[in-house]
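J.: Next up is a structure, given as structure tokens.
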Amino acid sequence: MERRIVSIWFRYLLTDWLTVRQPDLKDKALVFVIAQRGRKVVTAINRKAAIEGISIGMPLADAKALVPDIHSVDENPGHKDRLLKAIGEWCIRFTPIVSIDAPDGLFLDASGCTHLWNGEKAYLQEIISKFNQKGYHVKAAMADTAGAAWAVAHFGDNACVIESGKQSEAILNLPPNSLRLETPVLERLYKLGLKTVSSFISMPRSVLRRRFGESLLLRLGLAIGNEAEFLEPIQPVEPYQERLPCLEPIRTATGIEIAIQNLLEALCKRLQAEGNGLREAILKCYRIDGRIVQAAIGTNMPSCNPQHLFKLFEIKISSIEPALGIELFVLDAFKIEEIKPGQEALWKTVQADTNNVIQLLDRIGNKLGAETIHRYLPEEHYLPERSIRASSSINEKPAISWRTDKPRPIELLHKPEPIEVTAPIPDYPPMLFRYKGKVYPVSKADGPERIEQAWWLQSGEHRDYYIVEDPEGQRFWLFRSGHYDSGRKHNWFIHGFFA
């Protein structure tokens, strides 16, 4: 597949950006300025200012002499870079590879993308019209090389598509500036009367090298294709990414469902071939109004089942607002894990499988939030709050068995909370207790169950646990810490709740 590069030049980047936000500046001469050596210098102009003869690098005082009512704005350091990067991210709807061409341009690698817009001319015209609709003055060109596309975009005709292999002919009548040469080299070329690329392109390389240095040969080679030019993407293409451009904007939930299904089928086919499964993914929907709507999913185990993954996205389709329409869907699988094949018993026709449980947990987690699902395993500790631990994997096996000889509450407090208790005799179960301002009479009680500290710990007291029930049938797990002591305000605690 031949490489096709698009160069986009924003002729009035900063001033267009401000005019979009303040339309009343449209008919005024507008400039951006910065302070240099005690004076303000113009760094950006709009079309009106250019017509009036104002140029970049001109002192603001001179600009005001030409246009007394000129409107000037102080430029924030780094603003242009941030703006150009944001515009580049927006251009990802046209191609996955977008590179910044500082200070006021972009490169798009359109290889393999133009057929989605019915050809290269329609593709380039679509880019230009989109920016014009947003209020930006742009020039763009397409060629086999970034150098040729840049040259034609800056010095040639607008919306120009250079046929493949014709980049040398396209730059012949352009000035040497079109090769992105340094100022000293340009000065030597103009001094010798070489005012177009055709005047020196056929000269021997040894002559050009001796007269103008290696940089001229390099820039010329980048333009005609003898040298390779690498474009650094704004966002590196994810190894597991699927894209689905839309010929017509998608506005319905049915259309979004079909798009997600197509993306998942393509992604899962790649994952299955490599023995991998998806753990986390994000769907980015690029709307025609410039906004990006996202929906993310996660799984407890790596999965390459498109039907199961679609059910996770299906829960979130209602949150995807298409507005005027979605023109590009991008599915990024940014967390991938290897799928370990399971071993099935040959003598069993039906095998208990945890996949159904995992898929159920995935659907609950993506609907209510992964933080709502917890799994615990037993630990060898005496104290109840230390006898369990959280587990992040459903396949992790417990080191010991769960204790079943004594009843334990369904809900265990992370930390025992003090309560006020009334007991007839110190070692008897309580008659009533007060918890969070409410009094609970005790109608039934069972205990005590004594739990000692670990033998190797010198501090801490034993606990005497009681299961108590109030008249409404609620059951609580209470304990007294240590022996009864009338001088202590709180030596009773609540630690859990039964069903």
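By order of appearance in the structure tokens: chains A, B, ..., then residues from 1 within every chain, and ligands from 1 in the order shown.
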I'd like the contact shell of A:Thr422 - 7 Å cut-off, only C-alpha atoms, skipping same-chain residues fewer than 5 positions apart - returned as a ChimeraX atom specification.

T.: /A:430-433

J.: Just list the residues in stretch 24-262 of chain A DSSP gives strand (DSSP E) on the backbone, as a ChimeraX atom specification.

T.: /A:30-36,39-45,71-74,98-101,105-109,138-143,160-161,241-250

J.: To one decimal place in Å, what is the distance between atom CA of A:Glu238 and atom CA of A:Trp90?

T.: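 The value is 16.8 Å.
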
J.: So, counting only C-alpha atoms, which residue among A:Pro96, A:Pro204, A:Ala122, A:Leu172 is closest to A:Asp332?

T.: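 Nearest candidate to A:Asp332 out of A:Pro96, A:Pro204, A:Ala122, A:Leu172: A:Pro96.
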
J.: Quick one: everything within 6 Å of A:Asp144, counting only C-alpha atoms, minus sequence neighbours fewer than 4 positions away in the same chain. Send it as a list in words.

T.: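 Result of the neighbour search: Arg3, Arg4, Ile5 and Ser164 of chain A.
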
J.: Would you mind reading off the distance between atom CA of A:Phe476 and atom CA of A:Lys438, one decimal, in Å?

T.: 13.8 Å

J.: Taking only C-alpha atoms into account, which of A:Ile224, A:Val31, A:Leu66, A:Ile250 comes nearest A:Gly165?

T.: A:Ile224

J.: Just how far from atom CA of A:Ile292 is atom CA of A:Gln272, in Å to one decimal?

T.: 29.2 Å

J.: With only C-alpha atoms as the counted atoms, please give the residues lying no more than 12 Å from A:Arg82, apart from itself and same-chain residues fewer than 3 positions off, as a list in words.

T.: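 Answer for this query is Leu13, Leu14, Asn76, Pro77, Gly78, His79, Lys85, Ala86, Ile87, Gly88, Glu89, Ile100, Ala102, Pro103, Asp104 and Ile234 of chain A.
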
J.: If we count only C-alpha atoms and set the cut-off at 12 Å, which residues sit around A:Ala296, ignoring sequence neighbours fewer than 3 positions away in its own chain? Please answer as a PyMOL selection string.

T.: chain A and resi 279-285+293+299+309-310+312-317+319-320+330-335+365-367+369-370

J.: I need the residue nearest A:Asn305 from this list: A:Glu120, A:Glu232, A:Asp16, A:Glu265. Use only C-alpha atoms for the distance.

T.: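 Under the stated criterion, the closest residue is A:Glu265.
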
J.: Choose the residue, out of A:Arg270, A:Ala49, A:Lys130, A:Thr145, that has the smallest atom-to-atom separation from A:Ser111; count only C-alpha atoms.

T.: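 Of all the options, A:Thr145 lies closest to A:Ser111.
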
J.: Smallest atom-to-atom distance to A:Asp289: which of A:Thr196, A:Ser443, A:Gln133, A:Ser168, using only C-alpha atoms?

T.: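 Under the stated criterion, the closest residue is A:Gln133.
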
J.: I'd like the neighbourhood of stretch 449-454 of chain A as JSON, numbers by chain, where a residue qualifies if any of its atoms comes within 9 Å (using only C-alpha atoms), though same-chain residues fewer than 4 positions away should be ignored.

T.: {"A": [381, 382, 383, 384, 406, 458, 459, 460, 461, 462, 463, 464, 465, 466, 479]}

J.: Check which residues of stretch 42-104 of chain A sit at most 9 Å from stretch 7-11 of chain A using only C-alpha atoms, and return one row each with the closest pair of atoms and their distance in Å to one decimal, ordered by chain and rising number, as a Markdown table.

T.:
```
| residue | atom | partner | partner_atom | distance |
| --- | --- | --- | --- | --- |
| A:Ile45 | CA | A:Arg11 | CA | 8.9 |
| A:Asn46 | CA | A:Arg11 | CA | 8.3 |
| A:Arg47 | CA | A:Arg11 | CA | 8.6 |
| A:Asp101 | CA | A:Ser7 | CA | 8.5 |
| A:Asp104 | CA | A:Phe10 | CA | 5.5 |
```

J.: What would the file look like if the residues just selected were written as a JSON list (two decimals), in the first residue's frame with C-alpha atoms?

T.:
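Wrote again18.json, looks like this:
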```json
[["chain", "number", "residue", "atom", "x", "y", "z"],
["A", 45, "ILE", "CA", -2.27, 37.87, 12.86],
["A", 46, "ASN", "CA", -5.67, 37.40, 11.30],
["A", 47, "ARG", "CA", -6.63, 37.85, 7.66],
["A", 101, "ASP", "CA", 3.95, 20.11, 12.36],
["A", 104, "ASP", "CA", 1.03, 25.95, 12.83]]
```
